[in-house]
Structures are given as structure tokens and as C-alpha cells.
>>> print(open('structure_21.txt').read())   # compact mmCIF, C-alpha atoms
# COMPACT_ATOMS: atom_id res chain seq x y z
CA THR D 1 0.00 0.00 0.00
CA ASP D 2 1.02 3.59 -0.57
CA GLY D 3 2.44 5.03 2.68
CA LYS D 4 1.05 8.44 1.84
CA ARG D 5 -2.52 7.28 1.34
CA PRO D 6 -3.58 7.26 5.04
CA GLY D 7 -2.49 10.90 5.38
CA LEU D 8 -4.19 11.83 2.11
CA MET D 9 -7.46 10.21 3.20
CA HIS D 10 -7.23 12.02 6.54
CA LEU D 11 -6.74 15.33 4.73
CA ILE D 12 -9.75 14.64 2.50
CA ASP D 13 -11.86 13.83 5.56
CA ARG D 14 -10.87 17.11 7.16
CA MET D 15 -11.66 19.05 3.99
CA LEU D 16 -15.11 17.45 3.90
CA ASP D 17 -15.62 18.38 7.55
CA GLY D 18 -14.71 21.96 6.70
CA ILE D 19 -17.12 22.05 3.75
CA ILE D 20 -19.92 20.73 5.97
CA ALA D 21 -19.11 23.34 8.61
CA CYS D 22 -19.22 26.13 6.00
CA ILE D 23 -22.55 24.88 4.62
CA THR D 24 -23.96 24.82 8.16
CA LEU D 25 -22.73 28.36 8.81
CA PHE D 26 -24.22 29.69 5.57
CA SER D 27 -27.51 27.96 6.41
CA VAL D 28 -27.65 29.68 9.80
CA VAL D 29 -26.88 33.04 8.18
CA ASP D 30 -29.61 32.44 5.60
CA VAL D 31 -32.14 31.63 8.34
CA LEU D 32 -31.23 34.79 10.23
CA ASP D 33 -31.70 36.88 7.11
CA VAL D 34 -35.02 35.26 6.32
CA GLU D 35 -36.34 35.88 9.81
CA GLY D 36 -35.26 39.49 9.63
CA ALA D 37 -32.78 39.24 12.44
CA GLY D 38 -29.89 40.24 10.20
CA LEU D 39 -26.40 38.95 10.68
CA LYS D 40 -25.01 42.36 11.57
CA SER D 41 -27.44 42.87 14.41
CA PHE D 42 -26.58 39.40 15.64
CA ILE D 43 -22.82 39.95 15.97
CA THR D 44 -22.61 43.67 16.61
CA PHE D 45 -22.48 44.56 20.29
CA GLY D 46 -20.90 47.99 19.97
CA SER D 47 -17.39 48.91 18.85
CA ALA D 48 -15.64 46.95 21.60
CA GLY D 49 -17.65 43.81 20.87
CA THR D 50 -16.99 44.12 17.15
CA LEU D 51 -13.23 44.46 17.74
CA ALA D 52 -13.19 41.44 20.05
CA PHE D 53 -15.14 39.39 17.54
CA THR D 54 -12.78 40.44 14.72
CA LEU D 55 -9.64 39.55 16.68
CA ALA D 56 -11.09 36.23 17.79
CA SER D 57 -12.09 35.43 14.22
CA GLN D 58 -8.59 36.20 12.95
CA SER D 59 -7.08 33.90 15.60
CA ILE D 60 -9.49 31.10 14.72
CA VAL D 61 -8.93 31.47 10.99
CA SER D 62 -5.15 31.53 11.50
CA ALA D 63 -5.29 28.34 13.58
CA ILE D 64 -7.48 26.61 10.98
CA VAL D 65 -5.23 27.65 8.10
CA ASN D 66 -2.15 26.43 9.99
CA GLY D 67 -3.90 23.16 10.80
CA PHE D 68 -4.76 22.67 7.14
CA ALA D 69 -1.17 23.50 6.16
CA LEU D 70 0.19 20.91 8.61
CA SER D 71 -2.09 18.22 7.17
CA ALA D 72 -1.26 19.12 3.57
CA SER D 73 2.50 19.32 4.17
CA ASN D 74 3.01 15.54 4.53
CA ARG D 75 5.45 16.25 7.37
CA PHE D 76 3.72 13.89 9.80
CA TYR D 77 0.58 11.82 10.22
CA VAL D 78 -1.38 10.42 13.14
CA GLY D 79 0.60 7.68 14.90
CA GLU D 80 4.06 9.04 14.05
CA PHE D 81 6.62 10.23 16.59
CA VAL D 82 7.82 13.78 15.95
CA ARG D 83 10.13 16.35 17.54
CA PHE D 84 9.62 20.09 16.95
CA GLY D 85 12.22 22.83 17.00
CA ASP D 86 11.19 24.10 20.45
CA GLY D 87 11.79 20.66 21.98
CA THR D 88 8.15 19.53 22.00
CA SER D 89 7.97 15.85 21.07
CA GLY D 90 5.61 12.91 21.16
CA THR D 91 3.38 10.59 19.17
CA VAL D 92 0.76 12.41 17.10
CA MET D 93 -2.66 11.36 18.43
CA LYS D 94 -4.85 13.81 16.52
CA LEU D 95 -4.47 16.51 13.87
CA GLY D 96 -7.25 18.96 14.66
CA TRP D 97 -8.34 22.16 12.97
CA MET D 98 -7.23 24.25 15.95
CA GLU D 99 -4.62 22.14 17.71
CA THR D 100 -2.49 19.03 17.45
CA ILE D 101 -2.67 16.41 20.20
CA LEU D 102 0.58 14.67 21.17
CA ARG D 103 1.31 11.87 23.61
CA SER D 104 4.71 12.50 25.16
CA SER D 105 7.22 9.79 26.06
CA ASP D 106 5.97 9.88 29.67
CA ASN D 107 2.39 9.26 28.42
CA LEU D 108 1.18 12.80 29.06
CA ILE D 109 -1.33 14.14 26.55
CA VAL D 110 -0.26 17.56 25.24
CA ALA D 111 -2.49 19.85 23.17
CA VAL D 112 -0.40 22.29 21.10
CA PRO D 113 -2.04 25.12 19.11
CA ASN D 114 -1.38 24.77 15.40
CA THR D 115 -0.24 28.39 15.26
CA GLN D 116 2.76 27.38 17.42
CA LEU D 117 3.70 24.44 15.20
CA ALA D 118 3.25 25.69 11.64
CA GLY D 119 6.52 27.59 11.30
CA GLN D 120 8.69 25.23 13.31
CA ARG D 121 11.33 22.77 12.24
CA VAL D 122 10.07 19.20 12.64
CA THR D 123 11.92 15.89 12.75
CA ASN D 124 9.75 12.85 12.04
CA LEU D 125 11.57 10.07 13.86
CA SER D 126 9.09 7.46 12.65
CA ARG D 127 10.40 7.91 9.09
CA HIS D 128 14.06 7.29 9.99
CA ASP D 129 15.61 3.83 9.79
CA ARG D 130 19.04 4.75 11.14
CA CYS D 131 20.13 5.78 14.63
CA GLN D 132 23.27 6.87 16.46
CA VAL D 133 24.73 6.03 19.85
CA LEU D 134 27.38 8.55 20.88
CA GLN D 135 29.34 8.22 24.12
CA HIS D 136 32.05 10.49 25.53
CA LEU D 137 34.26 9.02 28.25
CA ARG D 138 36.89 10.72 30.38
CA PHE D 139 40.17 9.15 31.49
CA ASP D 140 43.17 10.37 33.47
CA TYR D 141 46.34 11.27 31.61
CA ASP D 142 48.12 8.43 33.41
CA ASP D 143 46.01 6.00 31.34
CA MET D 144 46.69 7.63 27.98
CA ASP D 145 48.93 4.78 26.73
CA LYS D 146 46.19 2.20 27.39
CA LEU D 147 43.51 3.95 25.32
CA PRO D 148 44.56 2.75 21.83
CA ALA D 149 44.24 -0.87 23.02
CA LEU D 150 40.85 -0.05 24.57
CA ALA D 151 39.68 1.43 21.27
CA GLU D 152 40.77 -1.70 19.40
CA THR D 153 38.90 -3.95 21.84
CA ILE D 154 35.70 -1.95 21.56
CA ARG D 155 35.92 -1.97 17.76
CA ARG D 156 36.30 -5.74 17.87
CA GLU D 157 33.62 -6.52 20.49
CA LEU D 158 30.83 -4.13 19.55
CA PRO D 159 29.95 -5.81 16.20
CA LYS D 160 29.65 -9.16 18.01
CA VAL D 161 26.88 -7.97 20.33
CA CYS D 162 25.24 -5.40 18.03
CA PRO D 163 24.47 -7.06 14.67
CA ASN D 164 22.80 -3.90 13.35
CA LEU D 165 26.01 -1.89 13.60
CA ILE D 166 26.71 -0.16 10.27
CA MET D 167 30.26 -0.90 9.10
CA ASP D 168 30.03 -0.50 5.33
CA GLY D 169 31.36 3.07 5.40
CA SER D 170 27.98 4.73 4.77
CA ARG D 171 27.96 5.89 8.40
CA PRO D 172 30.92 6.61 10.69
CA PHE D 173 32.07 4.06 13.24
CA ARG D 174 34.70 5.80 15.34
CA VAL D 175 36.35 4.69 18.57
CA LEU D 176 39.27 6.96 19.50
CA VAL D 177 40.79 9.58 21.73
CA SER D 178 38.91 12.73 20.76
CA ASP D 179 40.37 15.54 22.89
CA MET D 180 42.98 16.60 25.44
CA CYS D 181 41.53 18.74 28.20
CA ASP D 182 43.14 20.43 31.21
CA THR D 183 42.23 17.69 33.68
CA HIS D 184 41.48 14.63 31.56
CA VAL D 185 41.56 12.91 28.19
CA GLU D 186 38.30 12.53 26.26
CA PHE D 187 37.52 9.23 24.57
CA MET D 188 34.70 8.91 22.01
CA VAL D 189 32.58 6.01 20.79
CA ASN D 190 30.44 7.04 17.82
CA ALA D 191 28.39 4.23 16.30
CA HIS D 192 25.45 4.13 13.88
CA PHE D 193 22.91 1.34 13.54
CA ALA D 194 20.33 0.14 11.03
CA LEU D 195 17.54 0.70 13.53
CA PRO D 196 14.90 3.42 13.95
CA PRO D 197 15.82 6.00 16.63
CA ILE D 198 12.73 5.20 18.72
CA GLY D 199 11.12 2.20 20.36
CA ASP D 200 12.28 -0.75 22.45
CA LEU D 201 14.79 -1.98 19.86
CA TYR D 202 16.61 1.36 19.97
CA TRP D 203 16.84 1.45 23.77
CA THR D 204 17.85 -2.22 24.05
CA ASN D 205 20.60 -1.66 21.49
CA ARG D 206 21.77 1.50 23.25
CA GLN D 207 21.98 -0.39 26.53
CA GLN D 208 24.02 -3.14 24.88
CA VAL D 209 26.50 -0.58 23.54
CA ILE D 210 26.96 1.00 26.97
CA LEU D 211 27.37 -2.37 28.72
CA THR D 212 29.93 -3.48 26.13
CA ILE D 213 31.95 -0.30 26.56
CA HIS D 214 31.88 -0.72 30.34
CA ARG D 215 33.03 -4.35 30.07
CA CYS D 216 35.93 -3.38 27.79
CA VAL D 217 36.98 -0.59 30.14
CA GLN D 218 37.07 -3.06 33.04
CA GLU D 219 39.02 -5.64 31.02
CA HIS D 220 41.78 -3.09 30.46
CA GLY D 221 41.90 -2.16 34.14
CA LEU D 222 40.76 1.40 33.47
CA LYS D 223 38.50 3.70 35.44
CA ILE D 224 36.41 6.62 34.26
CA ALA D 225 38.00 9.86 35.44
CA VAL D 226 36.24 11.83 38.16
CA LEU D 227 36.39 15.59 37.70
CA ARG D 228 36.49 17.92 40.65
CA PHE D 229 34.96 21.40 40.71
CA GLY D 230 35.62 23.45 43.84
CA GLY D 231 36.29 20.30 45.83
CA VAL D 232 33.12 18.57 44.63
CA ALA D 233 33.53 15.38 42.64
CA LYS D 234 31.61 15.13 39.36
CA SER D 235 31.75 12.05 37.18
>>> encode(input="structure_21.txt", output="C-alpha cells")
Amino acid sequence: TDGKRPGLMHLIDRMLDGIIACITLFSVVDVLDVEGAGLKSFITFGSAGTLAFTLASQSIVSAIVNGFALSASNRFYVGEFVRFGDGTSGTVMKLGWMETILRSSDNLIVAVPNTQLAGQRVTNLSRHDRCQVLQHLRFDYDDMDKLPALAETIRRELPKVCPNLIMDGSRPFRVLVSDMCDTHVEFMVNAHFALPPIGDLYWTNRQQVILTIHRCVQEHGLKIAVLRFGGVAKS
């Protein structure tokens, strides 16, 4: 099946809902005119009331237009996990005319006005099939000579326990000393996997990477450096 079809059908449904709403509104206006009430007399409550109604109408129209734009943009559909530029993230539960409903990773339901989402950058994690696990470790300078051997061990052991590790050169797989700082040496493990960056498979794989690194560090008799700031230890 075409992956875009569910979103297209949803957009068509929303357009039909909008057409029905417009027909209903025009019918009400027509009834008011027929009965002599007049639409102007119905919505005019003095200059202040007219201004309030105008501003409210502009806000509503803006939200509806932004909601329509989000649906038509093909950036995300209901059921997909997204992350917006302001840090808002979650699974899309509903694309409404006025707001978008998200379920966050802690299962909280968040209603976000469409006017806040329309102009934002969005990353649709459900449409990615690659992920990264990046770890930065710190070691004392006394252990500097042991780090090349540690890197070699991690490069050898990680593919054994993580079969989805990408090693064909299309993504970087780097295990090396990355920086020399005032109080410690930084060591980096940067690995990419043929897995989506969400879900249980991602977190299980990430855990396996961390446990493997820890085991290799112990095998080489190394310890993660503890930094001290003003006499307070910070790992």
C-alpha cells in the first residue's frame, strides 16, 4: 500500500468536515436573514464587541489555516513520533483544525495550538531507519597509553553484540581519543545502527552498547575519570 494514502485520506476527511461546517454556517446566516434578524445585528455589540469578535475570528482562521497547512505538508501523520524545533515531542494522536494532540514519552497528553507548530522545524523520527549512539568518556592522563588498546577492543567486540552496527562506510564508526583537556583525556565512541531512533529496539541496542563499553573498560583495568569542581567530585 502507498504510505502516503492514510495521510491523504485524513486530509480529504478534514476538507469534507470543513465544507460541511461552511454549509452549516451559511444555512444559519440564511435563516437569520429570512427571519429578519440580520447577521449584523446578531454579531454587533458595539465597537468593543466588534473588535473582540474580529480579533477572535482572525485567531481562529489563523489556527485553521495552519492546521490545514500541517495536514497538507506531509510532514507527519497520526501515529508518528515527531520532535519540533522548540523541543516539544511525542506521538501524534490527533491533527485537529485548531490544535495538534501529542502523547509525550511519559504518556502525558499535550495539546499544542497549530499556530505554534506551523513555522517550526520538525523531525519525524518514525520515518528514519538509522540511529546513532554517541558516548564520551573521560580518562586520566596516566592512562593515555592504554587507550589505543581499549579502542581496538571496543571496535572488535561491539559488532559481536550489536548485529545492526553499520560498518560499510555509509555511516561513521569511530572509537578513538577525541580531545585533550586540562584535567582529563576525552575518549569517544560514535556508532550508527540500522535501527529506527525510537522504540524498544533502539533502547535495548543502546543499553548493549553501553554495557559493552563498560566491560571493555574493566578488562583493560581502566577507570572513568572523576572531575572535581571546587572540591566537589563530578563524574
>>> residues_around(input="structure_21.txt", residues="Ala151 in chain D", least_positions_apart="3", cutoff="7 Å", atoms="all atoms listed in the file", output="VMD selection string")
chain D and resid 147 to 148 154 to 155 175 to 176
>>> residues_around(input="structure_21.txt", residues="Glu219 in chain D", least_positions_apart="5", cutoff="10 Å", atoms="all atoms listed in the file", output="VMD selection string")
chain D and resid 150 153 213 to 214
>>> closest_residue(input="structure_21.txt", among="D:Ala225, D:Ala191, D:Cys131, D:Leu117", to="Phe173 in chain D", atoms="all atoms listed in the file")
D:Ala191
>>> atom_distance(input="structure_21.txt", atom1="CA of Arg130 in chain D", atom2="CA of Phe84 in chain D")
18.9 Å
>>> closest_residue(input="structure_21.txt", among="D:Tyr202, D:Glu157, D:Asp179, D:Leu165", to="Arg215 in chain D", atoms="all atoms listed in the file")
D:Glu157
>>> residues_around(input="structure_21.txt", residues="His184 in chain D", least_positions_apart="2", cutoff="6 Å", atoms="all atoms listed in the file", output="PyMOL selection string")
chain D and resi 139-141+181
>>> closest_residue(input="structure_21.txt", among="D:Leu108, D:Met188, D:Val82, D:Val209", to="Arg138 in chain D", atoms="only C-alpha atoms")
D:Met188
>>> closest_residue(input="structure_21.txt", among="D:Ser105, D:Gln207, D:Ser126, D:Thr183", to="Phe76 in chain D", atoms="all atoms listed in the file")
D:Ser126
>>> closest_residue(input="structure_21.txt", among="D:Asp86, D:Asp142, D:Asp129, D:Asp168", to="Leu195 in chain D", atoms="only C-alpha atoms")
D:Asp129
>>> closest_residue(input="structure_21.txt", among="D:Gln208, D:Gly85, D:Gly79, D:His220", to="Pro159 in chain D", atoms="all atoms listed in the file")
D:Gln208
>>> atom_distance(input="structure_21.txt", atom1="CA of Val133 in chain D", atom2="CA of Thr91 in chain D")
21.8 Å
>>> residues_near_point(input="structure_21.txt", point="(11.9, 8.2, 10.6)", cutoff="9 Å", atoms="all atoms listed in the file", output="VMD selection string")
chain D and resid 80 to 82 123 to 130 196 to 198
>>> residues_near_point(input="structure_21.txt", point="(25.0, -3.9, 13.8)", cutoff="10 Å", atoms="all atoms listed in the file", output="NGL selection string")
:D and (158-167 or 191-195 or 205)
>>> atom_distance(input="structure_21.txt", atom1="CA of Val122 in chain D", atom2="CA of Arg83 in chain D")
5.7 Å
